[in-house]
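These notes concern the structure reproduced below.
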2 protein chains.
Amino acid sequence: MATDDLMTRALETLGDDGPLSVEAIHRLTDLADVPESMMINEVADLLDISPHTLRYYERAGLVEVARDSNGHRVYDAEAVRRLVFLTRMRLSGMPMRDLQHYISLVDAGEQTVPERLDMLLEHRDTIRRRIRELTLSLAATEYKIATYGGSTGPDVQDLDTATDRTTLPHEPLRPALRTR
Amino acid sequence: MATDDLMTRALETLGDDGPLSVEAIHRLTDLADVPESMMINEVADLLDISPHTLRYYERAGLVEVARDSNGHRVYDAEAVRRLVFLTRMRLSGMPMRDLQHYISLVDAGEQTVPERLDMLLEHRDTIRRRIRELTLSLAATEYKIATYGGSTGPDVQDLDTATDRTTLPHEPLRPALRTR
DNA sequence: GTTTGCGTTCGAGCGCGCTCGAAGCCATAG
DNA sequence: CTATGGCTTCGAGCGCGCTCGAACGCAAAC
């Protein structure tokens with residue numbers, strides 16, 4: 001099953017840290033057990049977004065949702081799968097307008113696949129760029145934590161302002177652990 | 001020199017890809033050559049933000065900037081270093097209000113160091129979480145690109161909507177290269 | 001039959017982080 | 001002596017992505 005491969009890769013990539021990855025992998029992999037149809041609150045719980053946002057996405061033209069006899073929304077499996085995709089793209093920073101364009105391509109048929117692929121490739125590069133930025137910021141932040149936590153010197157100002165050059169000379173060397 | 005260590009770590013972490021990391025490392029390491037004083041456009045160029053934004057940060061209380069005889073802003077080395085820090089924190093997603101709080105702590109003196117440290121630790125965790133999210137989204141996007149680009153099957157719907165289940169059965173297997 | 005509760009539509013409002021425009025000052029260039 | 005250009009202050013506006021409130025409908029519980 002393909003999702004197994006993906007989950008494996010994701011787990012390898014991420015390590016075993018934290019509840020968020022578990023939750024996210026859940027969302028990545030649990031597409032198999034999407035029910036026939038769901039009501040708005042179930043979908044909201046599944047995707048961890050508000051019913052308001054789901055209605056907003058529908059208004060924005062990202063997904064069509066049927067109604068039951070009471071006028072209540074009934075999300076079929078296709079709609080849910082699309083929303084999983086949309087939610088993931090939103091989470092990774094793709095703007096609403098791009099999503100709208102992408103969906104319009106999807107609805108336009110197979111001949112738009114090349115353009116969709118282009119969008120995905122571009123988005124992939126955007127994510128990579130963002131990860132690199134964040135990795136850099138993480139390194140800088142960890143460095144600053146390390147200097148704050150223990151052996152500091154004149155180098156501290158390299159990563160901070162001058163007035164922030166706190167040396168804490170009498171505190172014991174406190175390495176940067178404390179995962180919160 | 002401590003920045004050398006940092007640069008080394010950053011380079012190791014990131015690999016050699018792309019102009020952005022070079023540019024960013026430049027900003028990480030080039031704190032040594034900060035001039036005595038700079039005018040607003042020089043600082044804006046250095047940090048790759050607009051003069052508007054620099055004035056905005058000053059209005060927000062994040063940094064104090066002196067004026068010359070013409071009333072023009074003169075950024076001393078300390079202000080520039082602080083702005084480097086602030087810009088990096090903004091880039092990694094720290095909200096303005098947190099930055100304002102952090103700066104108020106800095107200005108309050110050394111006894112606020114523990115709280116500053118707490119903020120940094122929390123921010124570090126936020127960055128890590130975000131990186132994990134993005135890594136997951138990246139894997140999903142790459143998987144989708146792979147299925148779009150070549151051998152597809154019923155599994156495609158695992159990562160997409162049902163109407164988007166484009167199989168392209170007659171196209172040659174086109175692996176996901178094209179780095180754009 | 002009324003109340004409770006959860007859904008509906010629609011448009012307005014909000015929080016964030018800029019971004020811009022107007023009006024004015026000053027200095028150097030032509 | 002103008003004119004040009006770049007800075008200043010101030011407040012207003014904007015783009016994004018929600019988020020909310022008002023007014024209403026239906027249905028099961030009491």
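Residue numbering restarts at 1 for every chain of the structure tokens, chains are lettered A, B, ... in their displayed order, and ligands are numbered from 1 as they appear.
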Contacts of chain B with chain C up to 12 Å, shortest pair per row, only C-alpha atoms (C1' of nucleotides), as a Markdown table:
| residue | atom | partner | partner_atom | distance |
| --- | --- | --- | --- | --- |
| B:Ile49 | CA | C:DC18 | C1' | 10.6 |
| B:Ser50 | CA | C:DT19 | C1' | 9.5 |
| B:Pro51 | CA | C:DT19 | C1' | 10.5 |
| B:His52 | CA | C:DT19 | C1' | 7.3 |
| B:Thr53 | CA | C:DC18 | C1' | 6.8 |
| B:Leu54 | CA | C:DC18 | C1' | 10.4 |
| B:Arg55 | CA | C:DC18 | C1' | 10.8 |
| B:Tyr56 | CA | C:DC18 | C1' | 8.1 |
| B:Tyr57 | CA | C:DC18 | C1' | 10.1 |
| B:Ala60 | CA | C:DG17 | C1' | 11.3 |
| B:Ser69 | CA | C:DC26 | C1' | 10.1 |
| B:Asn70 | CA | C:DC26 | C1' | 6.8 |
| B:Gly71 | CA | C:DC25 | C1' | 9.2 |
| B:His72 | CA | C:DC26 | C1' | 10.3 |
| B:Arg90 | CA | C:DG17 | C1' | 10.2 |
| B:Leu91 | CA | C:DG17 | C1' | 11.9 |
| B:Gly93 | CA | C:DG17 | C1' | 11.5 |
| B:Met94 | CA | C:DG17 | C1' | 11.7 |
| B:Pro95 | CA | C:DC16 | C1' | 8.6 |
| B:Met96 | CA | C:DG17 | C1' | 8.2 |
| B:Arg97 | CA | C:DC16 | C1' | 10.1 |
Mind dumping the selected residues with N, CA and C atoms as a compact mmCIF listing (two decimals), in the first residue's frame?
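Contents of out.txt, freshly written:
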# COMPACT_ATOMS: atom_id res chain seq x y z
N ILE B 49 14.75 44.24 3.70
CA ILE B 49 13.40 44.69 4.03
C ILE B 49 13.28 46.13 3.58
N SER B 50 12.07 46.66 3.57
CA SER B 50 11.90 48.01 3.04
C SER B 50 12.13 49.05 4.13
N PRO B 51 12.51 50.26 3.72
CA PRO B 51 12.61 51.36 4.67
C PRO B 51 11.30 51.56 5.44
N HIS B 52 10.19 51.37 4.76
CA HIS B 52 8.88 51.44 5.42
C HIS B 52 8.85 50.51 6.62
N THR B 53 9.28 49.29 6.40
CA THR B 53 9.24 48.30 7.47
C THR B 53 10.18 48.69 8.61
N LEU B 54 11.32 49.24 8.26
CA LEU B 54 12.25 49.68 9.30
C LEU B 54 11.62 50.77 10.17
N ARG B 55 10.95 51.71 9.53
CA ARG B 55 10.28 52.76 10.30
C ARG B 55 9.18 52.17 11.16
N TYR B 56 8.50 51.21 10.56
CA TYR B 56 7.43 50.52 11.30
C TYR B 56 7.98 49.84 12.55
N TYR B 57 9.10 49.16 12.43
CA TYR B 57 9.70 48.50 13.59
C TYR B 57 10.07 49.52 14.67
N ALA B 60 7.07 50.59 16.36
CA ALA B 60 6.57 49.51 17.21
C ALA B 60 7.39 49.37 18.49
N SER B 69 21.66 65.75 11.75
CA SER B 69 21.24 67.16 11.82
C SER B 69 20.06 67.45 10.90
N ASN B 70 19.88 66.59 9.89
CA ASN B 70 18.75 66.78 8.99
C ASN B 70 17.50 66.03 9.44
N GLY B 71 17.60 65.37 10.58
CA GLY B 71 16.46 64.58 11.02
C GLY B 71 16.43 63.20 10.41
N HIS B 72 17.44 62.85 9.65
CA HIS B 72 17.49 61.53 9.02
C HIS B 72 17.98 60.48 10.01
N ARG B 90 11.57 37.37 13.00
CA ARG B 90 10.37 37.55 12.19
C ARG B 90 10.32 36.51 11.07
N LEU B 91 11.45 36.31 10.42
CA LEU B 91 11.51 35.35 9.32
C LEU B 91 11.14 33.94 9.79
N GLY B 93 9.08 33.34 12.04
CA GLY B 93 7.68 33.29 12.43
C GLY B 93 7.32 33.83 13.79
N MET B 94 8.26 34.43 14.50
CA MET B 94 7.88 34.98 15.80
C MET B 94 7.00 36.21 15.59
N PRO B 95 5.85 36.29 16.27
CA PRO B 95 4.96 37.42 16.07
C PRO B 95 5.55 38.72 16.61
N MET B 96 5.07 39.81 16.08
CA MET B 96 5.50 41.13 16.52
C MET B 96 5.32 41.31 18.03
N ARG B 97 4.22 40.87 18.55
CA ARG B 97 3.96 41.13 19.97
C ARG B 97 4.99 40.41 20.85
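All chain D residues having an atom within 8 Å of chain A, based on only C-alpha atoms (C1' of nucleotides), amount to D:DC18, D:DT19, D:DC26.
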Practice prompt. Taking the DSSP assignment computed from this structure's backbone, write out as a ChimeraX atom specification all residues of stretch 65-151 of chain A that belong to alpha helix (DSSP H).
Written response: /A:77-91,96-108,113-149
Using C-alpha atoms, can you export the residues from the last selection as an mmCIF file, in the first residue's frame?
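After the write, selection33.cif holds the following:
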data_model
loop_
_atom_site.group_PDB
_atom_site.id
_atom_site.type_symbol
_atom_site.label_atom_id
_atom_site.label_comp_id
_atom_site.auth_asym_id
_atom_site.auth_seq_id
_atom_site.Cartn_x
_atom_site.Cartn_y
_atom_site.Cartn_z
ATOM 1 C CA ALA A 77 -15.478 10.666 0.426
ATOM 2 C CA GLU A 78 -14.294 12.589 -2.609
ATOM 3 C CA ALA A 79 -14.938 15.928 -0.966
ATOM 4 C CA VAL A 80 -13.152 14.803 2.166
ATOM 5 C CA ARG A 81 -10.140 13.603 0.200
ATOM 6 C CA ARG A 82 -9.999 16.885 -1.622
ATOM 7 C CA LEU A 83 -10.203 18.757 1.661
ATOM 8 C CA VAL A 84 -7.381 16.663 3.062
ATOM 9 C CA PHE A 85 -5.297 17.714 0.109
ATOM 10 C CA LEU A 86 -6.339 21.344 0.401
ATOM 11 C CA THR A 87 -5.674 21.442 4.108
ATOM 12 C CA ARG A 88 -2.234 20.021 3.648
ATOM 13 C CA MET A 89 -1.422 22.534 0.966
ATOM 14 C CA ARG A 90 -2.695 25.379 3.111
ATOM 15 C CA LEU A 91 -0.626 24.129 6.040
ATOM 16 C CA MET A 96 -5.817 30.437 -1.360
ATOM 17 C CA ARG A 97 -5.652 31.912 -4.860
ATOM 18 C CA ASP A 98 -3.194 29.241 -5.978
ATOM 19 C CA LEU A 99 -5.412 26.583 -4.517
ATOM 20 C CA GLN A 100 -8.355 28.063 -6.375
ATOM 21 C CA HIS A 101 -6.387 27.978 -9.585
ATOM 22 C CA TYR A 102 -5.275 24.413 -8.969
ATOM 23 C CA ILE A 103 -8.809 23.266 -8.322
ATOM 24 C CA SER A 104 -10.024 24.987 -11.442
ATOM 25 C CA LEU A 105 -7.407 22.991 -13.347
ATOM 26 C CA VAL A 106 -8.530 19.781 -11.724
ATOM 27 C CA ASP A 107 -12.092 20.501 -12.710
ATOM 28 C CA ALA A 108 -11.013 21.362 -16.241
ATOM 29 C CA VAL A 113 -2.095 17.843 -15.724
ATOM 30 C CA PRO A 114 1.154 19.427 -16.954
ATOM 31 C CA GLU A 115 0.223 22.760 -15.465
ATOM 32 C CA ARG A 116 -0.814 21.112 -12.220
ATOM 33 C CA LEU A 117 2.517 19.366 -12.163
ATOM 34 C CA ASP A 118 4.249 22.695 -12.637
ATOM 35 C CA MET A 119 2.374 24.131 -9.708
ATOM 36 C CA LEU A 120 3.330 21.193 -7.546
ATOM 37 C CA LEU A 121 6.981 21.434 -8.519
ATOM 38 C CA GLU A 122 7.011 25.100 -7.736
ATOM 39 C CA HIS A 123 5.302 24.531 -4.448
ATOM 40 C CA ARG A 124 7.798 21.789 -3.624
ATOM 41 C CA ASP A 125 10.604 24.274 -4.176
ATOM 42 C CA THR A 126 8.846 26.818 -2.015
ATOM 43 C CA ILE A 127 8.558 24.321 0.815
ATOM 44 C CA ARG A 128 12.208 23.368 0.469
ATOM 45 C CA ARG A 129 13.234 26.986 0.559
ATOM 46 C CA ARG A 130 11.140 27.562 3.639
ATOM 47 C CA ILE A 131 12.626 24.536 5.384
ATOM 48 C CA ARG A 132 16.097 25.847 4.653
ATOM 49 C CA GLU A 133 15.201 29.259 6.057
ATOM 50 C CA LEU A 134 13.773 27.709 9.177
ATOM 51 C CA THR A 135 16.723 25.388 9.624
ATOM 52 C CA LEU A 136 18.979 28.385 9.528
ATOM 53 C CA SER A 137 16.857 30.267 12.023
ATOM 54 C CA LEU A 138 16.779 27.202 14.213
ATOM 55 C CA ALA A 139 20.544 26.998 14.235
ATOM 56 C CA ALA A 140 20.784 30.677 15.119
ATOM 57 C CA THR A 141 18.217 30.321 17.879
ATOM 58 C CA GLU A 142 19.925 27.271 19.326
ATOM 59 C CA TYR A 143 23.232 29.037 19.218
ATOM 60 C CA LYS A 144 21.771 31.938 21.104
ATOM 61 C CA ILE A 145 20.209 29.631 23.643
ATOM 62 C CA ALA A 146 23.551 27.971 24.163
ATOM 63 C CA THR A 147 25.326 31.270 24.744
ATOM 64 C CA TYR A 148 22.586 32.421 27.064
ATOM 65 C CA GLY A 149 22.638 29.172 28.976
#
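For the pair atom C1' of D:DG5 and atom CA of B:Leu62, the separation is 29.1 Å.
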Taken to one decimal, the atom CA of B:Arg73-atom CA of B:Glu58 distance is 10.5 Å
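The space separating atom CA of A:Ile40 from atom CA of A:Tyr75 comes to 7.2 Å.
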Min atom-atom distance to chain A from the set B:Ser92, B:Ala44, B:Ala66, B:Gln111, counting only C-alpha atoms, belongs to B:Ser92
